[in-house]
file query-v1.cif (mmCIF, C-alpha atoms)
data_target
#
loop_
_atom_site.label_atom_id
_atom_site.label_comp_id
_atom_site.auth_asym_id
_atom_site.auth_seq_id
_atom_site.Cartn_x
_atom_site.Cartn_y
_atom_site.Cartn_z
CA MET M 231 0.00 0.00 0.00
CA ASN M 232 1.49 3.30 -1.14
CA ASN M 233 0.27 5.92 1.34
CA ASN M 234 1.30 8.69 -1.07
CA ILE M 235 -1.81 7.81 -3.09
CA LEU M 236 -3.82 9.35 -0.25
CA ASN M 237 -2.14 12.76 -0.68
CA LYS M 238 -4.60 15.51 -1.49
CA ASP M 239 -3.16 16.31 -4.94
CA VAL M 240 -3.06 12.65 -5.98
CA GLN M 241 -6.64 12.08 -4.82
CA GLN M 242 -7.75 15.15 -6.74
CA PHE M 243 -5.99 13.88 -9.87
CA ILE M 244 -7.71 10.50 -9.55
CA ASN M 245 -11.14 12.08 -9.10
CA ASP M 246 -10.56 14.48 -12.00
CA HIS M 247 -9.72 11.59 -14.34
CA LEU M 248 -12.38 9.03 -13.44
CA LYS M 249 -13.95 9.44 -16.87
CA SER M 250 -10.65 9.72 -18.76
CA ASP M 251 -9.20 7.16 -21.15
CA VAL M 252 -6.86 5.23 -18.84
CA THR M 253 -4.73 4.01 -21.76
CA LYS M 254 -3.96 7.60 -22.78
CA LEU M 255 -3.22 8.53 -19.18
CA ILE M 256 -0.69 5.70 -18.92
CA LEU M 257 1.08 6.93 -22.06
CA LYS M 258 1.43 10.40 -20.53
CA GLY M 259 3.03 9.06 -17.39
CA SER M 260 2.60 10.12 -13.77
CA PRO M 261 2.74 13.80 -12.73
CA PHE M 262 3.88 12.68 -9.25
CA GLU M 263 7.31 11.41 -8.24
CA CYS M 264 6.01 9.30 -5.39
CA VAL M 265 3.16 7.56 -7.25
CA SER M 266 3.55 5.64 -10.51
CA ILE M 267 1.07 5.86 -13.35
CA PRO M 268 0.15 2.13 -13.07
CA GLU M 269 -0.80 2.78 -9.42
CA ILE M 270 -2.94 5.75 -10.42
CA ALA M 271 -4.57 3.77 -13.24
CA GLU M 272 -5.37 0.93 -10.84
CA GLN M 273 -7.06 3.33 -8.42
CA ILE M 274 -9.11 4.89 -11.25
CA LEU M 275 -10.27 1.54 -12.62
CA ALA M 276 -11.13 0.14 -9.21
CA LYS M 277 -12.95 3.28 -8.06
CA ASN M 278 -15.03 3.36 -11.23
CA SER M 279 -16.09 -0.22 -10.51
CA CYS M 280 -17.42 0.96 -7.14
CA GLU M 281 -19.65 3.81 -8.35
CA LYS M 282 -22.81 1.70 -8.55
CA LYS M 283 -21.70 -1.44 -6.75
CA LEU M 284 -20.23 0.22 -3.62
CA PRO M 285 -21.52 3.82 -3.44
CA THR M 286 -20.57 4.17 0.25
CA TRP M 287 -16.92 3.63 -0.64
CA PHE M 288 -17.11 5.61 -3.88
CA ASN M 289 -18.58 8.66 -2.14
CA SER M 290 -16.20 8.62 0.84
CA GLU M 291 -12.93 10.55 0.95
CA LYS M 292 -9.45 8.97 0.89
CA ILE M 293 -10.64 5.44 0.22
CA TYR M 294 -7.79 3.21 -0.94
CA TYR M 295 -8.75 0.70 -3.59
CA PRO M 296 -7.20 -2.72 -4.22
CA ASN M 297 -6.96 -4.06 -7.76
CA LYS M 298 -10.10 -4.22 -9.87
CA LEU M 299 -10.35 -8.03 -9.48
CA ASN M 300 -10.84 -7.66 -5.72
CA ILE M 301 -13.71 -5.26 -6.38
CA GLU M 302 -15.31 -7.61 -8.90
CA GLN M 303 -15.16 -10.52 -6.46
CA THR M 304 -16.63 -8.68 -3.49
CA SER M 305 -20.29 -8.44 -2.53
CA SER M 306 -22.31 -5.45 -3.67
CA GLU M 307 -23.82 -3.18 -1.05
CA ILE M 308 -27.27 -4.49 -1.98
CA THR M 309 -26.40 -8.11 -1.24
CA ALA M 310 -24.26 -7.20 1.78
CA LYS M 311 -27.19 -5.35 3.35
CA TYR M 312 -29.38 -8.39 2.73
CA LYS M 313 -26.89 -10.66 4.50
CA SER M 314 -26.59 -8.29 7.45
CA ASP M 315 -30.28 -8.84 8.23
CA LEU M 316 -29.56 -12.54 8.78
CA VAL M 317 -27.15 -12.03 11.69
CA SER M 318 -27.38 -10.43 15.13
CA ARG M 319 -26.09 -10.54 18.73
CA LYS M 320 -22.59 -9.78 20.01
CA LYS M 321 -19.71 -11.48 18.17
CA LEU M 322 -19.09 -12.41 14.55
CA VAL M 323 -15.89 -13.48 12.82
CA ASP M 324 -15.45 -13.14 9.07
CA ILE M 325 -12.78 -15.75 8.27
CA THR M 326 -12.43 -14.75 4.59
CA GLY M 327 -12.50 -10.96 5.04
CA GLY M 328 -11.50 -9.73 1.58
CA PHE M 329 -12.32 -6.07 0.85
CA GLY M 330 -14.59 -6.02 3.89
CA VAL M 331 -17.92 -5.03 2.37
CA ASP M 332 -19.87 -7.79 4.11
CA THR M 333 -17.94 -7.11 7.33
CA TYR M 334 -18.83 -3.43 7.19
CA PHE M 335 -22.57 -4.14 6.98
CA PHE M 336 -22.37 -6.89 9.61
CA SER M 337 -20.88 -4.26 11.93
CA GLN M 338 -24.17 -2.38 11.81
CA LYS M 339 -26.01 -5.40 13.26
CA VAL M 340 -23.40 -7.10 15.48
CA LYS M 341 -21.54 -5.47 18.36
CA ASP M 342 -18.04 -6.94 17.87
CA ILE M 343 -16.62 -8.04 14.49
CA THR M 344 -13.32 -9.74 13.62
CA HIS M 345 -12.08 -9.48 10.03
CA CYS M 346 -9.48 -12.12 9.06
CA GLU M 347 -7.54 -11.61 5.83
CA ILE M 348 -4.48 -13.59 4.76
CA ASN M 349 -3.26 -11.05 2.17
CA SER M 350 -1.15 -8.46 3.99
CA GLU M 351 -1.69 -5.58 1.56
CA LEU M 352 -5.45 -6.14 1.38
CA SER M 353 -5.65 -6.36 5.18
CA THR M 354 -3.83 -3.02 5.48
CA ILE M 355 -6.10 -1.41 2.88
CA VAL M 356 -9.25 -2.64 4.63
CA SER M 357 -8.03 -1.41 8.02
CA HIS M 358 -7.39 2.05 6.55
CA ASN M 359 -10.78 2.17 4.80
CA PHE M 360 -12.70 1.21 7.94
CA LYS M 361 -11.13 4.21 9.67
CA GLN M 362 -12.21 6.45 6.80
CA LEU M 363 -15.71 5.00 7.07
CA LYS M 364 -15.62 5.71 10.83
CA VAL M 365 -16.21 2.10 11.84
CA LYS M 366 -15.04 1.37 15.38
CA ASN M 367 -16.32 -2.12 16.16
CA ILE M 368 -14.26 -4.12 13.62
CA THR M 369 -10.88 -5.64 14.47
CA THR M 370 -8.79 -6.41 11.36
CA LEU M 371 -6.31 -9.25 11.65
CA LEU M 372 -3.66 -10.38 9.18
CA CYS M 373 -4.15 -14.13 9.49
CA ASP M 374 -5.56 -17.32 8.05
CA GLY M 375 -9.17 -17.52 9.24
CA ILE M 376 -9.08 -21.28 9.85
CA GLU M 377 -5.88 -21.01 11.89
CA PHE M 378 -7.41 -18.14 13.86
CA LEU M 379 -10.37 -20.31 14.82
CA ALA M 380 -8.15 -23.28 15.71
CA LYS M 381 -5.97 -21.20 18.06
CA ASN M 382 -8.72 -19.04 19.54
CA GLN M 383 -10.45 -20.17 22.72
CA GLU M 384 -13.49 -17.88 22.58
CA LYS M 385 -16.88 -18.67 21.06
CA PHE M 386 -18.64 -16.51 18.50
CA ASP M 387 -22.33 -15.94 17.84
CA TRP M 388 -21.63 -16.23 14.11
CA ILE M 389 -18.92 -17.43 11.74
CA TYR M 390 -19.13 -16.02 8.22
CA ALA M 391 -17.20 -17.42 5.26
CA ASP M 392 -17.06 -16.64 1.56
CA PRO M 393 -14.94 -19.48 0.14
CA SER M 394 -13.42 -19.02 -3.30
CA ARG M 395 -12.96 -21.66 -5.99
CA ARG M 396 -9.45 -23.05 -6.28
CA ASN M 397 -7.75 -22.15 -9.54
CA ASP M 398 -7.45 -25.83 -10.43
CA ALA M 399 -11.20 -26.44 -10.12
CA LYS M 400 -12.00 -26.75 -13.79
CA GLY M 401 -15.37 -26.44 -15.49
CA LYS M 402 -18.66 -25.02 -14.29
CA VAL M 403 -19.61 -27.83 -11.88
CA PHE M 404 -17.70 -27.75 -8.62
CA LEU M 405 -18.06 -28.75 -4.99
CA LEU M 406 -17.62 -26.80 -1.76
CA ALA M 407 -14.67 -29.11 -1.14
CA ASP M 408 -13.10 -27.54 -4.26
CA CYS M 409 -13.02 -24.15 -2.52
CA LEU M 410 -10.63 -22.36 -0.17
CA PRO M 411 -11.16 -22.69 2.67
CA ASN M 412 -12.60 -26.19 2.48
CA ILE M 413 -15.82 -25.67 4.43
CA PRO M 414 -17.03 -29.30 4.70
CA LYS M 415 -13.62 -30.39 6.00
CA ASN M 416 -13.67 -27.74 8.73
CA LEU M 417 -17.31 -27.91 9.87
CA ASP M 418 -16.45 -29.72 13.10
CA LEU M 419 -14.00 -26.95 14.01
CA PHE M 420 -16.59 -24.28 13.16
CA PHE M 421 -19.22 -25.83 15.39
CA GLN M 422 -16.76 -25.97 18.26
CA LYS M 423 -16.56 -22.17 18.02
CA THR M 424 -20.15 -21.21 17.15
CA ASP M 425 -23.73 -22.43 16.85
CA ASN M 426 -24.41 -20.35 13.72
CA ILE M 427 -22.63 -20.28 10.36
CA LEU M 428 -23.42 -18.14 7.32
CA LEU M 429 -21.83 -19.21 4.02
CA LYS M 430 -21.81 -17.21 0.80
CA VAL M 431 -21.03 -19.22 -2.30
CA SER M 432 -20.95 -18.73 -6.06
CA PRO M 433 -24.34 -18.75 -7.83
CA ILE M 434 -23.08 -21.47 -10.17
CA LEU M 435 -22.75 -23.96 -7.30
CA ASP M 436 -25.27 -26.80 -7.52
CA ILE M 437 -27.61 -26.55 -4.53
CA THR M 438 -28.20 -30.30 -4.29
CA SER M 439 -24.48 -31.07 -4.15
CA ALA M 440 -23.95 -28.39 -1.49
CA VAL M 441 -26.72 -29.87 0.66
CA SER M 442 -25.02 -33.27 0.46
CA GLU M 443 -21.68 -31.78 1.57
CA LEU M 444 -22.99 -29.74 4.51
CA GLN M 445 -24.88 -30.54 7.71
CA PHE M 446 -27.35 -28.75 9.97
CA ILE M 447 -28.62 -26.53 7.13
CA LYS M 448 -31.50 -24.38 8.34
CA GLU M 449 -32.00 -21.99 5.42
CA ILE M 450 -30.84 -21.52 1.84
CA HIS M 451 -31.16 -18.04 0.34
CA VAL M 452 -31.01 -17.54 -3.43
CA VAL M 453 -30.32 -13.83 -3.95
CA ALA M 454 -30.83 -12.16 -7.32
CA VAL M 455 -30.43 -8.48 -8.20
CA ASP M 456 -32.27 -7.18 -11.26
CA ASN M 457 -33.05 -10.79 -12.21
CA GLU M 458 -29.43 -11.98 -12.10
CA VAL M 459 -28.54 -14.49 -9.38
CA LYS M 460 -25.62 -13.04 -7.43
CA GLU M 461 -25.24 -15.24 -4.36
CA LEU M 462 -26.26 -18.47 -2.71
CA LEU M 463 -26.35 -18.26 1.08
CA PHE M 464 -26.40 -21.25 3.41
CA LEU M 465 -27.39 -20.65 7.03
CA LEU M 466 -26.30 -23.50 9.32
CA GLU M 467 -27.42 -23.96 12.92
CA LYS M 468 -25.73 -26.51 15.18
CA ASN M 469 -27.79 -29.71 15.60
CA TYR M 470 -30.61 -28.39 13.35
CA THR M 471 -32.40 -31.35 11.71
CA LYS M 472 -35.81 -29.99 10.68
CA ASN M 473 -36.97 -28.96 7.21
CA ILE M 474 -34.62 -26.76 5.21
CA GLN M 475 -36.36 -23.53 4.19
CA VAL M 476 -35.43 -22.07 0.81
CA LYS M 477 -35.90 -18.33 0.40
CA THR M 478 -35.71 -16.84 -3.08
CA ILE M 479 -35.45 -13.09 -3.50
CA ASN M 480 -35.13 -10.88 -6.57
CA ILE M 481 -34.21 -7.31 -5.65
CA ALA M 482 -35.11 -4.78 -8.36
CA LYS M 483 -35.30 -1.00 -8.40
CA THR M 484 -39.03 -0.71 -7.87
CA ILE M 485 -40.03 -4.10 -6.44
CA THR M 486 -38.64 -7.00 -4.43
CA GLN M 487 -40.01 -10.43 -5.33
CA LYS M 488 -39.95 -13.21 -2.73
CA PHE M 489 -40.93 -16.86 -2.86
CA ASP M 490 -40.25 -19.34 -0.04
CA PHE M 491 -40.67 -23.10 0.22
CA ASN M 492 -39.37 -26.12 2.10
CA LEU M 493 -36.69 -28.15 0.36
CA ASN M 494 -37.73 -31.71 -0.57
CA GLU M 495 -41.38 -31.08 0.25
CA ASN M 496 -43.81 -33.06 -1.88
CA SER M 497 -45.53 -30.72 -4.34
CA ASN M 498 -48.00 -31.36 -7.11
CA ALA M 499 -48.30 -29.10 -10.13
CA THR M 500 -51.33 -28.65 -12.33
CA PHE M 501 -50.98 -28.43 -16.10
CA SER M 502 -52.91 -26.60 -18.77
CA GLU M 503 -52.86 -25.39 -22.35
CA PRO M 504 -51.87 -21.71 -22.67
CA LYS M 505 -54.58 -19.40 -21.31
CA LYS M 506 -54.74 -15.59 -21.53
CA TYR M 507 -51.54 -14.88 -19.61
CA VAL M 508 -48.14 -16.55 -19.38
CA TYR M 509 -45.58 -16.10 -16.59
CA GLU M 510 -41.82 -16.54 -16.54
CA PRO M 511 -40.27 -17.10 -13.05
CA ASN M 512 -37.38 -14.89 -12.00
CA THR M 513 -33.87 -16.32 -12.00
CA ALA M 514 -33.80 -16.87 -8.22
CA ILE M 515 -36.75 -19.27 -8.51
CA LEU M 516 -35.24 -20.97 -11.55
CA LYS M 517 -31.98 -21.50 -9.64
CA SER M 518 -33.84 -22.89 -6.62
CA GLY M 519 -35.66 -25.48 -8.73
CA ALA M 520 -39.05 -24.62 -7.19
CA PHE M 521 -40.99 -25.46 -10.35
CA LEU M 522 -43.69 -27.66 -8.82
CA GLN M 523 -43.90 -25.54 -5.66
CA VAL M 524 -44.69 -22.40 -7.69
CA SER M 525 -47.63 -24.13 -9.32
CA GLU M 526 -49.00 -25.51 -6.06
CA LYS M 527 -48.43 -22.53 -3.75
CA LEU M 528 -49.60 -19.89 -6.22
CA ASN M 529 -52.41 -22.08 -7.61
CA ILE M 530 -51.25 -21.58 -11.17
CA ALA M 531 -50.93 -24.09 -14.02
CA LYS M 532 -47.71 -25.09 -15.77
CA LEU M 533 -47.52 -25.49 -19.53
CA HIS M 534 -45.39 -28.64 -19.30
CA HIS M 535 -43.40 -30.50 -16.66
CA ASN M 536 -40.11 -29.30 -18.19
CA SER M 537 -41.14 -25.93 -19.67
CA HIS M 538 -41.19 -23.85 -16.44
CA LEU M 539 -43.71 -21.40 -17.82
CA TYR M 540 -47.06 -20.82 -16.11
CA THR M 541 -50.44 -19.67 -17.33
CA SER M 542 -53.75 -18.26 -16.07
CA ASN M 543 -56.93 -16.61 -17.36
CA HIS M 544 -56.73 -13.72 -14.88
CA LEU M 545 -53.68 -11.51 -14.38
CA MET M 546 -52.07 -12.21 -11.02
CA ASP M 547 -49.09 -11.15 -8.94
CA PHE M 548 -46.16 -13.38 -9.85
CA PRO M 549 -42.47 -13.51 -8.84
CA GLY M 550 -41.21 -12.97 -12.36
CA ARG M 551 -42.29 -11.46 -15.67
CA ARG M 552 -45.92 -11.36 -16.84
CA PHE M 553 -47.13 -11.43 -20.43
CA GLU M 554 -50.47 -11.34 -22.24
CA ILE M 555 -50.73 -13.98 -24.94
CA LYS M 556 -51.95 -12.50 -28.23
CA HIS M 557 -51.53 -15.65 -30.32
CA CYS M 558 -50.63 -19.26 -29.65
CA ILE M 559 -49.59 -21.08 -32.82
CA SER M 560 -47.76 -24.18 -33.93
CA TYR M 561 -44.18 -23.54 -34.97
CA ASN M 562 -44.73 -22.52 -38.60
CA LYS M 563 -42.39 -20.00 -40.20
CA LYS M 564 -44.89 -18.56 -42.67
CA GLN M 565 -47.66 -18.05 -40.12
CA LEU M 566 -45.21 -16.66 -37.59
CA LEU M 567 -43.87 -14.00 -39.95
CA GLN M 568 -47.41 -12.96 -40.91
CA LEU M 569 -48.08 -12.21 -37.23
CA ILE M 570 -44.77 -10.29 -36.80
CA PRO M 571 -44.91 -7.66 -39.60
CA SER M 572 -42.09 -5.60 -38.03
CA LYS M 573 -39.76 -8.64 -38.29
CA LYS M 574 -38.54 -7.76 -34.78
CA ALA M 575 -39.19 -9.68 -31.58
CA ASN M 576 -37.67 -10.68 -28.26
CA ILE M 577 -37.22 -14.46 -28.40
CA ALA M 578 -36.87 -16.99 -25.58
CA THR M 579 -36.88 -20.79 -25.69
CA ARG M 580 -38.15 -23.00 -22.86
CA ASN M 581 -38.02 -26.78 -23.35
CA PHE M 582 -37.68 -26.40 -27.12
CA PRO M 583 -35.41 -28.31 -29.56
CA GLU M 584 -33.97 -25.22 -31.30
CA THR M 585 -31.85 -22.41 -29.91
CA VAL M 586 -32.65 -18.70 -30.19
CA ALA M 587 -29.81 -18.33 -32.72
CA GLN M 588 -31.20 -21.15 -34.88
CA ILE M 589 -34.69 -19.64 -34.79
CA ARG M 590 -33.42 -16.20 -35.77
CA LYS M 591 -31.41 -17.67 -38.65
CA LYS M 592 -34.38 -19.68 -39.88
CA THR M 593 -36.99 -16.91 -39.58
CA GLY M 594 -34.89 -13.80 -40.16
CA LEU M 595 -36.41 -12.15 -37.07
CA LYS M 596 -34.25 -9.40 -35.55
CA ASP M 597 -33.94 -8.64 -31.85
CA GLY M 598 -36.06 -5.86 -30.37
CA GLY M 599 -39.57 -4.49 -30.54
CA ASN M 600 -42.39 -4.86 -28.03
CA GLN M 601 -43.43 -8.41 -28.90
CA TYR M 602 -42.12 -11.39 -26.92
CA LEU M 603 -42.01 -14.88 -28.39
CA PHE M 604 -41.80 -17.99 -26.24
CA PHE M 605 -40.89 -21.09 -28.19
CA THR M 606 -41.87 -23.95 -25.89
CA THR M 607 -43.61 -27.30 -25.47
CA ASP M 608 -47.15 -27.57 -24.11
CA PHE M 609 -48.53 -30.30 -21.88
CA ASN M 610 -49.63 -32.28 -24.95
CA ASN M 611 -45.93 -32.35 -26.00
CA LYS M 612 -46.62 -30.07 -28.97
CA HIS M 613 -44.10 -27.41 -29.95
CA VAL M 614 -45.84 -24.03 -29.83
CA VAL M 615 -45.01 -20.36 -30.13
CA LEU M 616 -46.60 -17.88 -27.72
CA ILE M 617 -46.73 -14.38 -29.21
CA CYS M 618 -47.01 -11.99 -26.30
CA VAL M 619 -46.78 -8.44 -25.04
CA LYS M 620 -45.84 -7.42 -21.51
CA ALA M 621 -48.79 -7.39 -19.12
#
call {"tool": "encode", "arguments": {"input": "query-v1.cif", "output": "structure tokens"}}
result
Amino acid sequence: MNNNILNKDVQQFINDHLKSDVTKLILKGSPFECVSIPEIAEQILAKNSCEKKLPTWFNSEKIYYPNKLNIEQTSSEITAKYKSDLVSRKKLVDITGGFGVDTYFFSQKVKDITHCEINSELSTIVSHNFKQLKVKNITTLLCDGIEFLAKNQEKFDWIYADPSRRNDAKGKVFLLADCLPNIPKNLDLFFQKTDNILLKVSPILDITSAVSELQFIKEIHVVAVDNEVKELLFLLEKNYTKNIQVKTINIAKTITQKFDFNLNENSNATFSEPKKYVYEPNTAILKSGAFLQVSEKLNIAKLHHNSHLYTSNHLMDFPGRRFEIKHCISYNKKQLLQLIPSKKANIATRNFPETVAQIRKKTGLKDGGNQYLFFTTDFNNKHVVLICVKA
């Protein structure tokens, strides 16, 4: 950490050039002897990444930024605030501290916080930033979080961990055991130190595999922001053996959609041909796999067991997007183009043998417009096209 970056003139230069072409700035070189142009460029790039994701940091003075990758990997303020509502009481330890965004918001709900970070420079940066943010109830430690727990004699109300995938974990499917720290391997240690664990994991983790690796799971939270799944959260409580509750949430600018259910509960869906309206679940529900539960709990029919689209005759509140069906036709290119005179449409496929790209190539339809086409399979196993507008 180069403290000269915090000098008034350097900070002013960084703020004045937030919208500048960084490549051109690098070619010009640094106007300061004590700060190199790569250091300045790194601060500019990282700070720009925080404008929408971390406005508290972006709008505070003399914040020191790590590299842009650290910013990309950290929680957003939106998801960090959500997590902070899940914890309480006196003591929490964050064993994978990172840039400290989650820790900062935990500190608003828990009296005493410990932030463990194994990277010395990042630990120093976080300690400085907490002072700038006027946080007084967080202790930052340069240490391995697992070793800290093993050597520490005290108990905590909560242990929080955000394990990262090992670099050698190839492909999209991975296990919690493929992460650092290895959470399943260390669960016995964790439960010696606390009764409550909160885990944040990548949204690409398979929920079923995670359930098989963990124990005492009380809740699973699938958190989406603007219909993009950002985090999976696992809340573990020592000796908990009852039903696991799954909470899906999609946080948007004007509305927050929630849908809860019990994992492994027996649910029965109803099925129907397309009615007046069709509904597409938000990504949090899709990730949770609550396809039958949506039908049963909301009393709404599915189009097909594998289509994951729902339909009704009366417009209803729904945790996802709502459309009015103007036409329901068999997949026929000539008829389809007659009904889309603008040759523009927003296309989605659900349980359909062709991809969006193949459909566009075959029909010549361009992206855009106010019509939405769902290429899907109905409960009679017929391939159909739903021509819709937003409801």
call {"tool": "residues_around", "arguments": {"input": "query-v1.cif", "residues": "range 290-301 of chain M", "least_positions_apart": "5", "cutoff": "12 Å", "atoms": "all atoms listed in the file", "output": "ChimeraX atom specification"}}
result
/M:231-242,244-245,268-285,306-307,327-331,349-364,394
call {"tool": "residues_around", "arguments": {"input": "query-v1.cif", "residues": "range 483-497 of chain M", "least_positions_apart": "3", "cutoff": "6 Å", "atoms": "only C-alpha atoms", "output": "PyMOL selection string"}}
result
chain M and resi 474-480+522-523+549
call {"tool": "closest_residue", "arguments": {"input": "query-v1.cif", "among": "M:Met546, M:Val615, M:Ile450, M:Ile481", "to": "Leu528 in chain M", "atoms": "all atoms listed in the file"}}
result
M:Met546
call {"tool": "residues_around", "arguments": {"input": "query-v1.cif", "residues": "Asn581 in chain M", "least_positions_apart": "3", "cutoff": "12 Å", "atoms": "all atoms listed in the file", "output": "list in words"}}
result
Leu533, His534, His535, Asn536, Ser537, His538, Leu539, Ala578, Glu584, Thr585, Val586, Phe604, Phe605, Thr606, Thr607, Asp608, Phe609, Asn611, Lys612, His613, Val614 and Val615 of chain M
call {"tool": "resolve_selection", "arguments": {"input": "query-v1.cif", "expression": "the PyMOL selection byres ((chain M and resi 337) around 12)", "output": "PyMOL selection string"}}
result
chain M and resi 310-311+313-315+317-324+330-336+338-345+360+363-369
call {"tool": "resolve_selection", "arguments": {"input": "query-v1.cif", "expression": "the PyMOL selection byres ((chain M and resi 551) around 7)", "output": "compact mmCIF listing (two decimals) with C-alpha atoms, keeping the file's coordinate frame"}}
result
# COMPACT_ATOMS: atom_id res chain seq x y z
CA TYR M 509 -45.58 -16.10 -16.59
CA GLU M 510 -41.82 -16.54 -16.54
CA PRO M 511 -40.27 -17.10 -13.05
CA GLY M 550 -41.21 -12.97 -12.36
CA ARG M 552 -45.92 -11.36 -16.84
CA PHE M 553 -47.13 -11.43 -20.43
call {"tool": "closest_residue", "arguments": {"input": "query-v1.cif", "among": "M:Leu463, M:Ile325, M:Leu603, M:Ala482", "to": "Leu435 in chain M", "atoms": "only C-alpha atoms"}}
result
M:Leu463
call {"tool": "closest_residue", "arguments": {"input": "query-v1.cif", "among": "M:Tyr470, M:Val452, M:Asn600, M:Lys505", "to": "Ala520 in chain M", "atoms": "all atoms listed in the file"}}
result
M:Val452
call {"tool": "axis_aligned_box", "arguments": {"input": "query-v1.cif", "around": "range 321-328 of chain M", "padding_each_side": "5 Å", "output": "lines of an AutoDock Vina configuration file"}}
result
center_x = -15.6
center_y = -12.7
center_z = 9.9
size_x = 18.2
size_y = 16.0
size_z = 26.6
